[in-house]
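Have a look at start05.cif below; it lists mmCIF, C-alpha atoms.
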```
data_work
#
loop_
_atom_site.label_atom_id
_atom_site.label_comp_id
_atom_site.auth_asym_id
_atom_site.auth_seq_id
_atom_site.Cartn_x
_atom_site.Cartn_y
_atom_site.Cartn_z
CA MET W 1 0.00 0.00 0.00
CA SER W 2 1.34 3.44 -0.91
CA GLU W 3 2.02 6.15 1.66
CA PRO W 4 -0.86 8.59 2.28
CA ALA W 5 -0.32 12.02 0.77
CA LEU W 6 -1.02 13.60 4.17
CA ALA W 7 -1.39 12.04 7.59
CA PHE W 8 -2.19 13.60 10.96
CA ARG W 9 -1.67 11.52 14.07
CA ASN W 10 -2.89 12.93 17.40
CA VAL W 11 -2.15 16.46 16.33
CA SER W 12 -2.91 19.35 18.67
CA VAL W 13 -2.28 23.04 18.18
CA CYS W 14 -2.34 25.68 20.86
CA TYR W 15 -1.64 29.32 20.02
CA GLU W 16 0.45 31.28 22.52
CA SER W 17 -2.25 33.93 22.82
CA SER W 18 -4.94 31.44 23.81
CA ALA W 19 -5.16 28.92 26.61
CA ALA W 20 -7.60 26.71 24.69
CA ARG W 21 -6.43 24.30 22.03
CA THR W 22 -7.37 25.29 18.48
CA LEU W 23 -6.87 21.70 17.32
CA SER W 24 -7.19 18.84 19.72
CA ASP W 25 -6.00 15.29 19.10
CA VAL W 26 -6.78 15.32 15.38
CA SER W 27 -6.05 12.14 13.42
CA PHE W 28 -6.84 11.40 9.79
CA SER W 29 -5.09 10.74 6.52
CA VAL W 30 -5.59 11.67 2.89
CA ALA W 31 -4.66 9.04 0.33
CA ALA W 32 -2.74 9.87 -2.83
CA GLY W 33 -5.14 11.38 -5.36
CA GLU W 34 -8.00 11.57 -2.84
CA ARG W 35 -10.10 14.77 -2.59
CA VAL W 36 -11.26 15.51 0.93
CA ALA W 37 -13.44 18.42 2.06
CA LEU W 38 -12.70 19.97 5.42
CA LEU W 39 -15.92 21.39 6.76
CA GLY W 40 -16.79 23.27 9.92
CA LEU W 41 -18.14 26.49 11.28
CA ASN W 42 -16.08 29.66 11.57
CA GLY W 43 -13.40 29.20 14.21
CA SER W 44 -13.60 25.42 14.16
CA GLY W 45 -9.91 25.13 13.28
CA LYS W 46 -9.94 24.49 9.52
CA THR W 47 -7.37 27.16 8.62
CA THR W 48 -5.18 26.23 11.58
CA LEU W 49 -5.21 22.62 10.44
CA LEU W 50 -4.10 23.57 6.93
CA LYS W 51 -1.40 25.87 8.29
CA SER W 52 -0.10 23.22 10.65
CA ALA W 53 0.35 20.86 7.69
CA VAL W 54 2.98 23.21 6.22
CA GLY W 55 4.60 24.12 9.52
CA LEU W 56 3.21 27.63 9.80
CA VAL W 57 1.91 26.93 13.30
CA PRO W 58 3.70 24.79 15.88
CA HIS W 59 2.01 21.50 16.69
CA GLU W 60 2.15 18.48 18.95
CA GLY W 61 1.74 15.00 17.51
CA GLU W 62 2.90 13.80 14.12
CA ILE W 63 2.22 15.19 10.67
CA ARG W 64 3.46 13.32 7.63
CA VAL W 65 3.51 14.47 4.04
CA GLY W 66 4.15 11.40 1.92
CA ASP W 67 6.94 9.53 3.64
CA THR W 68 8.35 12.60 5.36
CA VAL W 69 7.60 13.63 8.91
CA LEU W 70 7.08 17.38 9.33
CA ALA W 71 9.99 18.86 11.25
CA ARG W 72 12.12 21.98 11.02
CA GLN W 73 14.72 20.18 8.88
CA THR W 74 12.18 18.73 6.46
CA LEU W 75 10.12 21.92 5.97
CA PRO W 76 11.65 23.01 2.63
CA LYS W 77 11.23 19.52 1.15
CA ILE W 78 7.63 19.28 2.35
CA ARG W 79 6.67 22.75 1.18
CA GLU W 80 7.98 22.02 -2.29
CA ARG W 81 5.50 19.18 -2.58
CA ILE W 82 2.49 21.22 -1.52
CA GLY W 83 0.37 23.80 -3.30
CA PHE W 84 -1.24 26.07 -0.74
CA LEU W 85 -4.05 28.57 -1.21
CA PHE W 86 -4.58 31.08 1.60
CA ASN W 87 -8.10 32.27 2.33
CA VAL W 88 -7.18 35.88 1.51
CA PRO W 89 -5.61 35.62 -1.96
CA GLU W 90 -4.09 39.11 -1.81
CA ASP W 91 -1.81 38.01 1.02
CA GLN W 92 -0.02 35.37 -1.00
CA ILE W 93 0.45 37.40 -4.17
CA LEU W 94 4.01 38.64 -3.83
CA PHE W 95 4.62 40.15 -7.24
CA PRO W 96 3.01 43.10 -8.96
CA ARG W 97 2.61 41.38 -12.32
CA VAL W 98 0.35 38.34 -12.66
CA ALA W 99 2.72 36.25 -14.81
CA ASP W 100 5.65 36.84 -12.43
CA ASP W 101 3.64 35.73 -9.43
CA VAL W 102 2.29 32.61 -11.08
CA ALA W 103 5.73 31.60 -12.38
CA PHE W 104 7.52 32.10 -9.07
CA ALA W 105 7.51 28.47 -7.87
CA LEU W 106 9.09 27.37 -11.16
CA VAL W 107 11.65 30.19 -11.13
CA ARG W 108 12.70 29.01 -7.66
CA GLN W 109 13.16 25.52 -9.01
CA GLY W 110 15.51 26.92 -11.64
CA ARG W 111 13.54 25.67 -14.64
CA PRO W 112 14.40 27.10 -18.09
CA ARG W 113 12.68 30.38 -18.91
CA ASP W 114 10.83 29.07 -21.94
CA GLU W 115 9.42 26.18 -19.95
CA ILE W 116 8.40 28.50 -17.11
CA SER W 117 6.69 30.90 -19.43
CA ALA W 118 4.83 28.13 -21.27
CA ARG W 119 3.68 26.44 -18.07
CA ALA W 120 2.55 29.72 -16.45
CA THR W 121 0.58 30.61 -19.58
CA GLU W 122 -0.98 27.15 -19.65
CA VAL W 123 -2.14 27.38 -16.01
CA LEU W 124 -3.49 30.90 -16.47
CA HIS W 125 -5.47 29.80 -19.52
CA SER W 126 -6.81 26.74 -17.74
CA LEU W 127 -8.22 29.03 -15.05
CA GLY W 128 -9.70 31.37 -17.64
CA ILE W 129 -7.36 34.28 -16.88
CA GLY W 130 -4.83 33.95 -19.67
CA HIS W 131 -5.59 37.50 -20.77
CA LEU W 132 -4.47 38.84 -17.39
CA ALA W 133 -0.87 37.61 -17.60
CA GLU W 134 0.61 41.07 -18.05
CA SER W 135 -1.85 42.85 -15.73
CA PRO W 136 -0.86 44.59 -12.52
CA VAL W 137 -2.26 42.62 -9.60
CA HIS W 138 -3.75 45.71 -7.94
CA HIS W 139 -6.17 46.21 -10.78
CA LEU W 140 -7.79 42.80 -10.46
CA SER W 141 -11.10 41.94 -8.82
CA HIS W 142 -11.24 39.63 -5.79
CA GLY W 143 -12.29 36.67 -7.94
CA GLN W 144 -9.45 37.30 -10.37
CA LYS W 145 -6.93 37.53 -7.51
CA GLN W 146 -8.30 34.26 -6.18
CA ARG W 147 -7.57 32.61 -9.51
CA VAL W 148 -4.10 34.15 -9.74
CA ALA W 149 -3.26 32.81 -6.27
CA LEU W 150 -4.60 29.42 -7.25
CA ALA W 151 -2.58 29.46 -10.47
CA GLY W 152 0.54 30.12 -8.37
CA ALA W 153 -0.30 27.09 -6.23
CA LEU W 154 -0.97 24.81 -9.19
CA VAL W 155 1.87 25.82 -11.48
CA ALA W 156 4.49 23.46 -10.05
CA VAL W 157 2.11 20.46 -10.26
CA PRO W 158 2.23 19.65 -6.53
CA LYS W 159 1.35 16.19 -5.24
CA LEU W 160 -0.79 17.67 -2.46
CA LEU W 161 -3.06 20.71 -2.56
CA LEU W 162 -4.22 22.45 0.59
CA LEU W 163 -6.90 24.92 -0.37
CA ASP W 164 -8.51 27.34 2.05
CA GLU W 165 -11.88 28.49 0.72
CA PRO W 166 -10.94 28.16 -2.97
CA SER W 167 -14.44 28.98 -4.22
CA ALA W 168 -14.91 32.08 -2.07
CA GLY W 169 -15.45 35.16 -4.19
CA LEU W 170 -15.88 33.26 -7.44
CA ASP W 171 -18.98 33.68 -9.57
CA PRO W 172 -20.97 30.51 -10.52
CA PRO W 173 -19.18 30.04 -13.87
CA GLY W 174 -15.88 30.55 -12.08
CA LYS W 175 -16.79 27.88 -9.51
CA ASN W 176 -17.71 25.48 -12.31
CA VAL W 177 -14.40 26.07 -14.09
CA LEU W 178 -12.52 25.61 -10.82
CA ALA W 179 -14.35 22.42 -9.85
CA HIS W 180 -13.79 21.00 -13.32
CA LEU W 181 -10.12 21.94 -13.25
CA LEU W 182 -9.47 20.52 -9.78
CA ALA W 183 -11.37 17.33 -10.62
CA GLY W 184 -8.99 16.81 -13.53
CA LEU W 185 -5.84 16.93 -11.37
CA ASP W 186 -4.05 13.90 -9.96
CA ALA W 187 -3.03 15.63 -6.76
CA ALA W 188 -4.48 14.76 -3.37
CA MET W 189 -6.54 17.64 -1.99
CA LEU W 190 -7.70 18.85 1.37
CA ILE W 191 -10.19 21.64 0.79
CA ALA W 192 -11.41 23.81 3.66
CA THR W 193 -14.72 25.30 2.66
CA HIS W 194 -18.17 26.47 3.68
CA ASP W 195 -19.43 25.88 0.17
CA LEU W 196 -21.12 22.54 0.54
CA ALA W 197 -22.35 22.41 -3.05
CA PHE W 198 -18.77 22.93 -4.26
CA ALA W 199 -17.47 20.33 -1.78
CA THR W 200 -20.01 17.65 -2.67
CA ARG W 201 -19.37 18.18 -6.35
CA LEU W 202 -15.63 17.77 -6.00
CA CYS W 203 -14.85 15.66 -2.95
CA THR W 204 -15.45 12.03 -2.16
CA ARG W 205 -14.86 12.29 1.55
CA PHE W 206 -15.78 14.83 4.22
CA ILE W 207 -14.13 15.70 7.49
CA MET W 208 -16.07 17.95 9.81
CA LEU W 209 -14.30 19.88 12.54
CA GLU W 210 -16.06 21.04 15.67
CA ARG W 211 -14.14 23.16 18.15
CA GLY W 212 -10.85 21.75 16.93
CA ARG W 213 -11.90 18.09 17.02
CA VAL W 214 -12.89 15.76 14.21
CA ALA W 215 -16.66 15.38 14.62
CA PHE W 216 -17.28 13.46 11.40
CA ASP W 217 -15.12 11.65 8.90
CA GLY W 218 -16.91 9.77 6.16
CA THR W 219 -18.17 9.57 2.63
CA ASP W 220 -21.92 9.78 3.21
CA THR W 221 -23.04 13.04 1.61
CA ALA W 222 -26.54 12.79 3.14
CA GLU W 223 -25.12 12.56 6.63
CA VAL W 224 -22.89 15.55 5.99
CA LEU W 225 -25.85 17.58 4.78
CA ARG W 226 -27.90 16.58 7.82
CA ASP W 227 -25.11 17.51 10.23
CA TRP W 228 -24.48 20.77 8.42
CA GLU W 229 -28.05 21.92 8.69
CA MET M 1 2.06 62.42 -18.09
CA LYS M 2 -0.90 63.71 -16.11
CA THR M 3 0.78 62.61 -12.88
CA VAL M 4 4.05 64.30 -13.77
CA PHE M 5 2.23 67.48 -14.71
CA GLY M 6 0.23 67.37 -11.47
CA PHE M 7 3.36 67.01 -9.37
CA ALA M 8 5.09 69.77 -11.33
CA LEU M 9 2.20 72.06 -10.46
CA LEU M 10 2.33 70.99 -6.84
CA GLY M 11 6.09 71.57 -6.75
CA LEU M 12 5.60 75.01 -8.25
CA LEU M 13 3.07 75.85 -5.57
CA LEU M 14 5.44 74.66 -2.88
CA PHE M 15 8.17 76.94 -4.18
CA VAL M 16 5.95 80.02 -4.36
CA PRO M 17 6.54 81.02 -0.72
CA THR M 18 10.31 80.79 -1.25
CA LEU M 19 10.01 82.83 -4.40
CA LEU M 20 7.98 85.50 -2.66
CA LEU M 21 9.89 85.64 0.62
CA LEU M 22 13.51 85.49 -0.49
CA PRO M 23 13.62 88.99 -2.00
CA LEU M 24 12.39 90.40 1.31
CA MET M 25 15.15 88.78 3.32
CA PRO M 26 18.01 91.11 4.23
CA PRO M 27 20.85 90.52 1.77
CA ASN M 28 24.30 89.81 3.15
CA GLY M 29 27.73 88.75 2.00
CA VAL M 30 29.63 90.00 -0.99
CA ARG M 31 26.58 90.44 -3.16
CA ALA M 32 24.70 92.62 -0.70
CA ALA M 33 24.61 95.42 -3.23
CA ALA M 34 22.63 93.32 -5.66
CA GLY M 35 19.62 93.54 -3.31
CA TRP M 36 16.24 92.59 -4.66
CA LYS M 37 17.56 91.38 -7.98
CA HIS M 38 19.97 88.98 -6.32
CA GLY M 39 17.20 87.66 -4.11
CA PHE M 40 15.07 86.95 -7.13
CA VAL M 41 17.87 85.19 -8.97
CA ALA M 42 18.68 83.08 -5.91
CA SER M 43 15.08 82.03 -5.41
CA ALA M 44 14.61 81.35 -9.13
CA ASN M 45 17.74 79.20 -8.97
CA LEU M 46 16.26 77.24 -6.09
CA LEU M 47 13.00 76.88 -7.97
CA VAL M 48 14.63 75.57 -11.13
CA ARG M 49 16.88 73.09 -9.32
CA GLY M 50 14.16 71.91 -6.98
CA MET M 51 11.64 71.56 -9.77
CA SER M 52 14.13 69.65 -11.90
CA GLY M 53 14.62 67.22 -9.01
CA VAL M 54 10.88 66.82 -8.57
CA LEU M 55 10.29 66.31 -12.30
CA ILE M 56 13.12 63.81 -12.73
CA SER M 57 11.93 61.83 -9.71
CA MET M 58 8.33 61.87 -10.91
CA ALA M 59 9.24 60.93 -14.46
CA THR M 60 11.30 58.02 -13.12
CA ILE M 61 8.50 56.83 -10.85
CA ALA M 62 5.95 57.16 -13.64
CA SER M 63 8.03 55.27 -16.19
CA VAL M 64 9.46 52.45 -14.04
CA SER M 65 6.98 49.75 -13.07
CA VAL M 66 7.43 47.80 -9.85
CA SER M 67 8.30 44.77 -11.97
CA ASP M 68 11.12 46.75 -13.61
CA LEU M 69 12.28 47.94 -10.21
CA ARG M 70 12.38 44.36 -8.99
CA GLU M 71 14.26 43.30 -12.09
CA GLY M 72 16.78 46.11 -11.63
CA LEU M 73 17.29 45.47 -7.94
CA THR M 74 17.77 41.74 -8.32
CA ARG M 75 20.44 42.37 -10.95
CA LEU M 76 22.35 44.76 -8.71
CA PRO M 77 25.22 43.29 -6.70
CA LEU M 78 23.15 43.44 -3.51
CA PRO M 79 22.37 40.56 -1.17
CA GLY M 80 19.26 38.85 -2.59
CA ILE M 81 17.36 39.23 0.66
CA VAL M 82 17.81 43.03 0.60
CA SER M 83 16.40 43.49 -2.89
CA ALA M 84 13.60 40.99 -2.18
CA ILE M 85 12.55 42.87 0.94
CA VAL M 86 12.79 46.31 -0.74
CA VAL M 87 10.58 45.15 -3.62
CA GLN M 88 8.11 43.61 -1.19
CA ILE M 89 7.94 46.90 0.73
CA VAL M 90 7.13 48.75 -2.49
CA HIS M 91 4.57 46.12 -3.52
CA GLN M 92 2.88 46.07 -0.12
CA THR M 93 2.89 49.88 -0.01
CA ALA M 94 0.77 49.81 -3.14
CA THR M 95 -1.52 47.28 -1.47
CA LEU M 96 -1.85 49.57 1.54
CA PHE M 97 -2.53 52.54 -0.72
CA TYR M 98 -5.46 50.71 -2.30
CA GLU M 99 -6.65 49.59 1.12
CA THR M 100 -6.55 53.22 2.27
CA LYS M 101 -8.71 54.12 -0.70
CA ARG M 102 -11.19 51.41 0.26
CA VAL M 103 -11.28 52.65 3.85
CA ALA M 104 -11.86 56.20 2.57
CA SER M 105 -14.71 54.95 0.35
CA ALA M 106 -16.26 53.11 3.29
CA MET M 107 -16.00 56.26 5.39
CA ALA M 108 -17.67 58.27 2.65
CA VAL M 109 -20.47 55.74 2.16
CA ARG M 110 -21.12 55.50 5.91
CA GLY M 111 -21.36 59.26 6.20
CA ALA M 112 -18.10 59.87 8.04
CA SER M 113 -16.44 62.12 5.49
CA GLY M 114 -18.75 65.10 5.82
CA GLY M 115 -17.17 66.40 9.02
CA GLY M 116 -18.85 66.77 12.39
CA ARG M 117 -19.01 64.38 15.29
CA ALA M 118 -19.41 61.24 13.18
CA ALA M 119 -16.21 62.00 11.29
CA TRP M 120 -14.27 62.53 14.53
CA GLN M 121 -15.65 59.30 15.97
CA VAL M 122 -14.50 57.36 12.93
CA LEU M 123 -11.12 59.11 12.79
CA TRP M 124 -10.58 58.38 16.48
CA SER M 125 -11.38 54.69 16.09
CA LEU M 126 -9.50 54.28 12.80
CA PRO M 127 -6.04 53.54 14.27
CA ARG M 128 -7.54 50.95 16.60
CA VAL M 129 -9.35 49.27 13.72
CA TRP M 130 -6.86 49.72 10.95
CA LEU M 131 -3.51 49.16 12.66
CA PRO M 132 -4.38 45.67 13.95
CA ARG M 133 -5.60 44.92 10.43
CA ILE M 134 -2.26 45.98 8.99
CA VAL M 135 -0.38 43.97 11.59
CA ASP M 136 -2.53 40.90 10.87
CA ARG M 137 -1.97 41.33 7.17
CA ALA M 138 1.79 41.66 7.73
CA ASP M 139 1.69 38.36 9.62
CA ARG M 140 -0.23 36.66 6.84
CA VAL M 141 2.04 38.04 4.13
CA ALA M 142 5.07 36.87 6.14
CA ASP M 143 3.52 33.38 6.27
CA ALA M 144 2.99 33.42 2.51
CA MET M 145 6.53 34.65 1.88
CA GLU M 146 7.90 31.89 4.06
CA LEU M 147 5.71 29.24 2.50
CA ARG M 148 6.49 30.28 -1.07
CA GLY M 149 10.23 30.51 -0.34
CA TYR M 150 10.28 34.15 -1.37
CA CYS M 151 13.58 35.11 0.21
CA GLU M 152 15.50 31.97 -0.60
CA GLY M 153 16.74 32.68 -4.08
CA GLU M 154 16.73 34.97 -7.02
CA ALA M 155 13.38 35.71 -8.56
CA LEU M 156 13.69 37.38 -11.90
CA SER M 157 10.99 38.38 -14.29
CA LEU M 158 10.17 36.13 -17.20
CA ARG M 159 10.26 39.01 -19.59
CA SER M 160 13.21 39.35 -21.87
CA SER M 161 16.06 41.34 -20.36
CA ARG M 162 17.61 42.22 -23.71
CA MET M 163 18.20 45.91 -24.42
CA ARG M 164 15.74 47.51 -26.82
CA ALA M 165 16.37 50.53 -29.06
CA ALA M 166 14.58 52.81 -26.57
CA ASP M 167 16.82 51.53 -23.76
CA TRP M 168 19.97 52.29 -25.79
CA ALA M 169 18.63 55.77 -26.61
CA ALA M 170 17.84 56.47 -22.95
CA LEU M 171 21.28 55.22 -21.92
CA ALA M 172 23.00 57.40 -24.54
CA LEU M 173 20.99 60.45 -23.46
CA ALA M 174 21.80 59.84 -19.79
CA LEU M 175 25.52 59.53 -20.61
CA ALA M 176 25.41 62.71 -22.73
CA VAL M 177 23.76 64.66 -19.90
CA LEU M 178 26.28 63.30 -17.44
CA GLY M 179 29.17 64.28 -19.74
CA LEU M 180 27.71 67.76 -20.20
CA ALA M 181 27.33 68.19 -16.45
CA VAL M 182 30.97 67.20 -15.92
CA VAL M 183 32.14 69.66 -18.60
CA ILE M 184 30.06 72.50 -17.18
CA ARG M 185 31.30 71.76 -13.68
CA GLY M 186 34.91 71.71 -14.94
CA ARG M 187 34.84 74.88 -17.04
CA GLY M 188 32.27 76.83 -15.13
CA VAL M 189 29.50 78.93 -16.65
CA THR M 190 30.06 82.54 -17.40
#
```
Spell out the structure here as structure tokens.
Amino acid sequence: MSEPALAFRNVSVCYESSAARTLSDVSFSVAAGERVALLGLNGSGKTTLLKSAVGLVPHEGEIRVGDTVLARQTLPKIRERIGFLFNVPEDQILFPRVADDVAFALVRQGRPRDEISARATEVLHSLGIGHLAESPVHHLSHGQKQRVALAGALVAVPKLLLLDEPSAGLDPPGKNVLAHLLAGLDAAMLIATHDLAFATRLCTRFIMLERGRVAFDGTDTAEVLRDWE
Amino acid sequence: MKTVFGFALLGLLLFVPTLLLLPLMPPNGVRAAAGWKHGFVASANLLVRGMSGVLISMATIASVSVSDLREGLTRLPLPGIVSAIVVQIVHQTATLFYETKRVASAMAVRGASGGGRAAWQVLWSLPRVWLPRIVDRADRVADAMELRGYCEGEALSLRSSRMRAADWAALALALAVLGLAVVIRGRGVT
């Protein structure tokens, strides 16, 4: 049996500013190629969970990405394998021109310029924003920024995608394009979202967080809908 | 062009007090006899030099995009981290500028821009609302920079870095002006 793309074992997170645990004894795994929705109310710990998977918040317990245990020494290796989408796209856009931002992961890897340019263009077109390649980021709408940030996460073809509210701010056609695009990828995905329609369309498994604990982990869409309402 | 013209006008306005006041100042030194005329020449000199500085700076800012600035900085023999941080400061300043505009729009829509007590209330609470927002954003941007490996290596633009005809022309003009300045400085102007 192959290694899971992501595995949490008894993971807890406690921020310095708060006495209560944001995540408490969380265990689950995401198989290679599996698409899992991470559901939960505001403040249930979804974003913290995603951030802990890339070492942005300190944790107790064990987190594995593929065959590698998350630790200070393994962070660069782990982060290279993951595409991450923050819930505020503006925060992760680090370059003023769309094409530069999208291409960044490939530039870091030292790929040839022609290849970088072709791949960045391909990703931008696949997200329906090919015409924005030369645009200044500040002139884009929220939905367009969301797609630019997503393009930056997808460009290096990561094995694992951690997406925080990917459909937020997208119009219905945009959501359709995104769902279709993500469904066509081989990567494993953990998608934190409030958009149940988007989640049920894309994901085959649902994990529901409640006050930092896993309250539900299963594939039964009807049960998820009942719990959600 | 509009921006440059606007700043030129603003610069001119800023120099008006100097222009008006200098002739009234008591003359001293070797040219005391020149009086009012000397005062005018001195202030006009200040005006021309100052305005040239303002115009050159504005023209540079207007013609160099942040991408070009990043490209230029990363090619300078500076530590990579320094140029990366400088570019990020410029980029995030633009983000803050647009955020300021959004805050101003919100203030206008919610009736806080017309003056009076409401405006003072909003202005008073603004630092307590806005500063934590900026700090939070800085934290989130720092997370993204760390996660995307922003400061680890060189990050150059994909655009071609070959010199175009316009670049050669600008370079030649800059060198000519520099040469002229050196000659004038050496020989003096009579």
Enter the distance from CA of Phe5 (chain M) to CA of Ser52 (chain M), in Å, rounded to one decimal.
12.4 Å
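Here CA of Arg137 (chain M) and CA of Ile191 (chain W) stand 22.3 Å from one another.
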Apply the PyMOL selection byres ((chain W) within 6 of (chain M)) to the displayed file and report the matching residues as number ranges by chain.
W: 91-92, 100
Nearby residues, (-11.8, 24.8, 12.5) file frame, 12 Å, all atoms listed in the file, as a PyMOL selection string:
chain W and resi 13+21-24+26+38-52+164+192-194+207-215
Hey, can you check how far CA of Lys159 (chain W) sits from CA of Ala5 (chain W)?
7.5 Å
Give me, as a ChimeraX atom specification, all polymer residues having an atom no more than 10 Å from Val65 (chain W), counting all atoms listed in the file and skipping those fewer than 4 positions away in the same chain.
/W:3-8,29-30,53-54,69-70,74,77-79,81-82,159-160
Mind giving me the axis-aligned box for region 124-127 of chain M with 5 Å on every side, centre plus edges in Å to one decimal, as lines of an AutoDock Vina configuration file?
```
center_x = -8.7
center_y = 56.0
center_z = 14.6
size_x = 15.3
size_y = 14.8
size_z = 13.7
```
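Considering only C-alpha atoms, the residue among W:Leu181, W:Leu106, W:Ala151, W:Ala71 positioned nearest to Leu132 (chain W) is W:Ala151.
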Identify all residues satisfying the PyMOL selection byres ((chain W and resi 125) around 12) in the given file; provide them as a ChimeraX atom specification.
/W:99,102,118-124,126-133,147-148,151,155,177-178,181
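With only C-alpha atoms as the atoms that count, the minimum distance from Pro166 (chain W) to the choices W:Phe104, W:Phe216, W:Tyr15, W:Phe84 is reached by W:Phe84.
The nearest approach to Gly110 (chain W) among the residues W:Leu225, W:Ala20, W:Ala156, W:Ala31, with all atoms listed in the file taken into account, belongs to W:Ala156.
Each of W:Asp171, W:Glu60, W:Glu90, W:Glu165 was checked against His139 (chain W) using all atoms listed in the file; the smallest atom-to-atom distance is that of W:Glu90.
Closest to Asp217 (chain W) among W:Arg205, W:Gln146, W:Pro112, W:Leu56 is W:Arg205, based on all atoms listed in the file.
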Let me know the residues the PyMOL selection byres ((chain W and resi 197) around 12) catches in the file above, as a PyMOL selection string.
chain W and resi 37+39+167+172+175-176+179+193-196+198-203+221+224-225+228
